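Asker: One structure coming up, written as structure tokens, with questions to follow.
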Amino acid sequence: MFRFVPRRLIGCGCVQWGLVAGIVVHEGDCMNEESVAPRIRVRVDVTGEAISVAAVASFVEDPAAGASVVFTGTVRNHSPGREAVSRLEYEAYGEFAIRTIETIIEEAESRWEILRVAAVHRVGSLDVGEPAVCVAVSSAHRAHSFEACRYIIDELKSRVPIWKKEHWPGGAEWVAEGTTDVTTP
């Protein structure tokens, strides 16, 4: 299984961070008190471990947040034209997948006032009902959280090199979602 650890915090520009229980935590205050820019904290992960939706939601909590939106994509028991999906299998193009998600988050940051954001995608074999992806966004106002979260999940599904294989009784096949252009940026 793959385990890609979050590499950095986007937006703060420092390296004073650590990993505790799989969540990036900031260990210092790198923002100067005169700065009026909000401190943005980001978690990006592609992992073979089960996604804790509660941990992702908790990561985006912030005292300045008036809204948090959490999207969770789960494995369902059917797909278009197929009634009996039993499980899904995901593969990712590792570091490029993480860099692409980071780019998408940077785009969202430039469009909406985001306080914190997390995007976690699972790889490996997942059973029906398991979370495959979780995106959470917090901001001062609900419109920013809703719009940024929708943008991030839509772009993630369209642009990030993560592939899905559907399994059903008697067979399996890779399913195309979005684009899988893996040209290095």
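By order in the structure tokens, chains are A, B, ...; within a chain, residues start at 1; ligands start at 1, following the order shown.
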Write out as a ChimeraX atom specification all residues of stretch 22-170 of chain A that backbone DSSP assigns to strand (DSSP E).

Answerer: /A:23-26,41-47,67-74,87-92,116-122,124-127,131-139,162-168

Asker: Could you save the residues just selected, with C-alpha atoms, as a compact mmCIF listing (two decimals), in the first residue's frame?

Answerer:
```txt
# COMPACT_ATOMS: atom_id res chain seq x y z
CA ILE A 23 -2.39 15.15 10.83
CA VAL A 24 -0.10 18.06 10.05
CA VAL A 25 0.19 20.42 12.99
CA HIS A 26 1.89 23.77 13.07
CA ARG A 41 -3.32 25.50 6.93
CA VAL A 42 -3.49 22.66 4.48
CA ARG A 43 -3.42 18.87 4.71
CA VAL A 44 -2.97 16.81 1.55
CA ASP A 45 -2.68 13.05 1.69
CA VAL A 46 -2.93 10.02 -0.59
CA THR A 47 -3.00 6.98 1.66
CA ALA A 67 -18.48 27.66 8.33
CA SER A 68 -16.96 24.28 7.61
CA VAL A 69 -17.97 22.03 4.73
CA VAL A 70 -16.94 18.39 4.55
CA PHE A 71 -17.45 16.28 1.42
CA THR A 72 -17.02 12.53 1.72
CA GLY A 73 -17.10 10.29 -1.34
CA THR A 74 -17.93 6.70 -0.42
CA ARG A 87 -15.55 -3.11 -4.13
CA LEU A 88 -13.28 -0.53 -5.74
CA GLU A 89 -9.53 -0.47 -6.15
CA TYR A 90 -7.63 2.81 -6.47
CA GLU A 91 -4.11 3.46 -7.72
CA ALA A 92 -2.32 6.81 -7.77
CA ARG A 116 -8.09 25.70 6.50
CA VAL A 117 -8.43 22.91 3.96
CA ALA A 118 -7.82 19.17 3.88
CA ALA A 119 -7.99 16.78 0.93
CA VAL A 120 -7.37 13.07 1.50
CA HIS A 121 -7.76 10.28 -1.08
CA ARG A 122 -7.54 6.58 -0.43
CA GLY A 124 -5.87 0.26 -2.44
CA SER A 125 -8.94 -1.96 -2.12
CA LEU A 126 -12.09 -0.41 -0.61
CA ASP A 127 -15.35 -2.12 0.29
CA PRO A 131 -14.74 6.61 2.34
CA ALA A 132 -12.62 6.94 -0.81
CA VAL A 133 -12.05 10.69 -0.64
CA CYS A 134 -12.66 13.46 1.89
CA VAL A 135 -12.35 17.20 1.32
CA ALA A 136 -12.96 19.71 4.09
CA VAL A 137 -12.81 23.51 3.96
CA SER A 138 -13.35 26.16 6.61
CA SER A 139 -13.82 29.87 6.10
CA ILE A 162 -5.85 8.50 -9.43
CA TRP A 163 -7.41 5.52 -11.19
CA LYS A 164 -10.40 3.42 -10.16
CA LYS A 165 -11.09 -0.26 -10.85
CA GLU A 166 -14.61 -1.56 -10.23
CA HIS A 167 -15.05 -5.14 -9.04
CA TRP A 168 -18.29 -7.11 -9.29
```

Asker: If you run DSSP on this backbone, which residues of stretch 30-180 of chain A come out as helix (DSSP H, G or I), and could you give them as a ChimeraX atom specification?

Answerer: /A:53-59,94-111,142-159

Asker: Hey, what's within 12 Å of A:Thr103 if we count only C-alpha atoms and toss same-chain stuff fewer than 3 positions away? As JSON, numbers by chain, please?

Answerer: {"A": [10, 11, 42, 44, 96, 97, 98, 99, 100, 106, 107, 108, 109, 110, 119, 152, 155, 156, 159, 160, 185]}

Asker: Using only N, CA and C atoms, please write the residues we just selected to a file, as a JSON list (two decimals), in the first residue's frame.

Answerer:
```json
[["chain", "number", "residue", "atom", "x", "y", "z"],
["A", 10, "ILE", "N", 0.69, 24.86, 3.05],
["A", 10, "ILE", "CA", 0.63, 25.86, 1.98],
["A", 10, "ILE", "C", 0.12, 27.15, 2.60],
["A", 11, "GLY", "N", 0.77, 28.24, 2.30],
["A", 11, "GLY", "CA", 0.29, 29.53, 2.75],
["A", 11, "GLY", "C", 1.09, 30.16, 3.86],
["A", 42, "VAL", "N", -3.07, 23.62, 5.50],
["A", 42, "VAL", "CA", -3.49, 22.66, 4.48],
["A", 42, "VAL", "C", -2.99, 21.26, 4.82],
["A", 44, "VAL", "N", -2.77, 17.58, 2.78],
["A", 44, "VAL", "CA", -2.97, 16.81, 1.55],
["A", 44, "VAL", "C", -2.38, 15.43, 1.78],
["A", 96, "PHE", "N", 3.10, 13.01, -7.85],
["A", 96, "PHE", "CA", 2.42, 13.87, -8.82],
["A", 96, "PHE", "C", 0.98, 14.09, -8.41],
["A", 97, "ALA", "N", 0.33, 13.08, -7.85],
["A", 97, "ALA", "CA", -1.04, 13.23, -7.37],
["A", 97, "ALA", "C", -1.08, 14.27, -6.25],
["A", 98, "ILE", "N", -0.15, 14.19, -5.32],
["A", 98, "ILE", "CA", -0.10, 15.16, -4.21],
["A", 98, "ILE", "C", 0.16, 16.57, -4.74],
["A", 99, "ARG", "N", 1.13, 16.71, -5.65],
["A", 99, "ARG", "CA", 1.42, 18.04, -6.21],
["A", 99, "ARG", "C", 0.21, 18.61, -6.94],
["A", 100, "THR", "N", -0.53, 17.77, -7.64],
["A", 100, "THR", "CA", -1.70, 18.25, -8.37],
["A", 100, "THR", "C", -2.79, 18.71, -7.39],
["A", 106, "GLU", "N", -4.20, 25.60, -4.08],
["A", 106, "GLU", "CA", -3.68, 26.95, -4.29],
["A", 106, "GLU", "C", -4.63, 27.76, -5.17],
["A", 107, "GLU", "N", -5.19, 27.13, -6.20],
["A", 107, "GLU", "CA", -6.17, 27.81, -7.06],
["A", 107, "GLU", "C", -7.40, 28.23, -6.25],
["A", 108, "ALA", "N", -7.88, 27.32, -5.39],
["A", 108, "ALA", "CA", -9.04, 27.64, -4.55],
["A", 108, "ALA", "C", -8.72, 28.79, -3.60],
["A", 109, "GLU", "N", -7.51, 28.77, -3.02],
["A", 109, "GLU", "CA", -7.10, 29.85, -2.12],
["A", 109, "GLU", "C", -7.11, 31.20, -2.82],
["A", 110, "SER", "N", -6.80, 31.21, -4.10],
["A", 110, "SER", "CA", -6.76, 32.48, -4.84],
["A", 110, "SER", "C", -8.17, 32.97, -5.19],
["A", 119, "ALA", "N", -7.55, 17.65, 2.02],
["A", 119, "ALA", "CA", -7.99, 16.78, 0.93],
["A", 119, "ALA", "C", -7.23, 15.46, 1.07],
["A", 152, "ILE", "N", -12.66, 22.09, -5.25],
["A", 152, "ILE", "CA", -11.56, 21.17, -4.97],
["A", 152, "ILE", "C", -11.93, 19.74, -5.33],
["A", 155, "GLU", "N", -12.31, 19.38, -9.25],
["A", 155, "GLU", "CA", -11.02, 19.42, -9.93],
["A", 155, "GLU", "C", -10.17, 18.19, -9.58],
["A", 156, "LEU", "N", -10.24, 17.73, -8.35],
["A", 156, "LEU", "CA", -9.51, 16.54, -7.94],
["A", 156, "LEU", "C", -9.97, 15.35, -8.80],
["A", 159, "ARG", "N", -8.65, 16.07, -12.53],
["A", 159, "ARG", "CA", -7.25, 16.29, -12.90],
["A", 159, "ARG", "C", -6.20, 15.43, -12.20],
["A", 160, "VAL", "N", -6.52, 14.88, -11.06],
["A", 160, "VAL", "CA", -5.51, 14.17, -10.28],
["A", 160, "VAL", "C", -5.35, 12.74, -10.81],
["A", 185, "PRO", "N", 4.21, 18.85, -14.43],
["A", 185, "PRO", "CA", 4.03, 20.30, -14.61],
["A", 185, "PRO", "C", 5.36, 21.02, -14.74]]
```
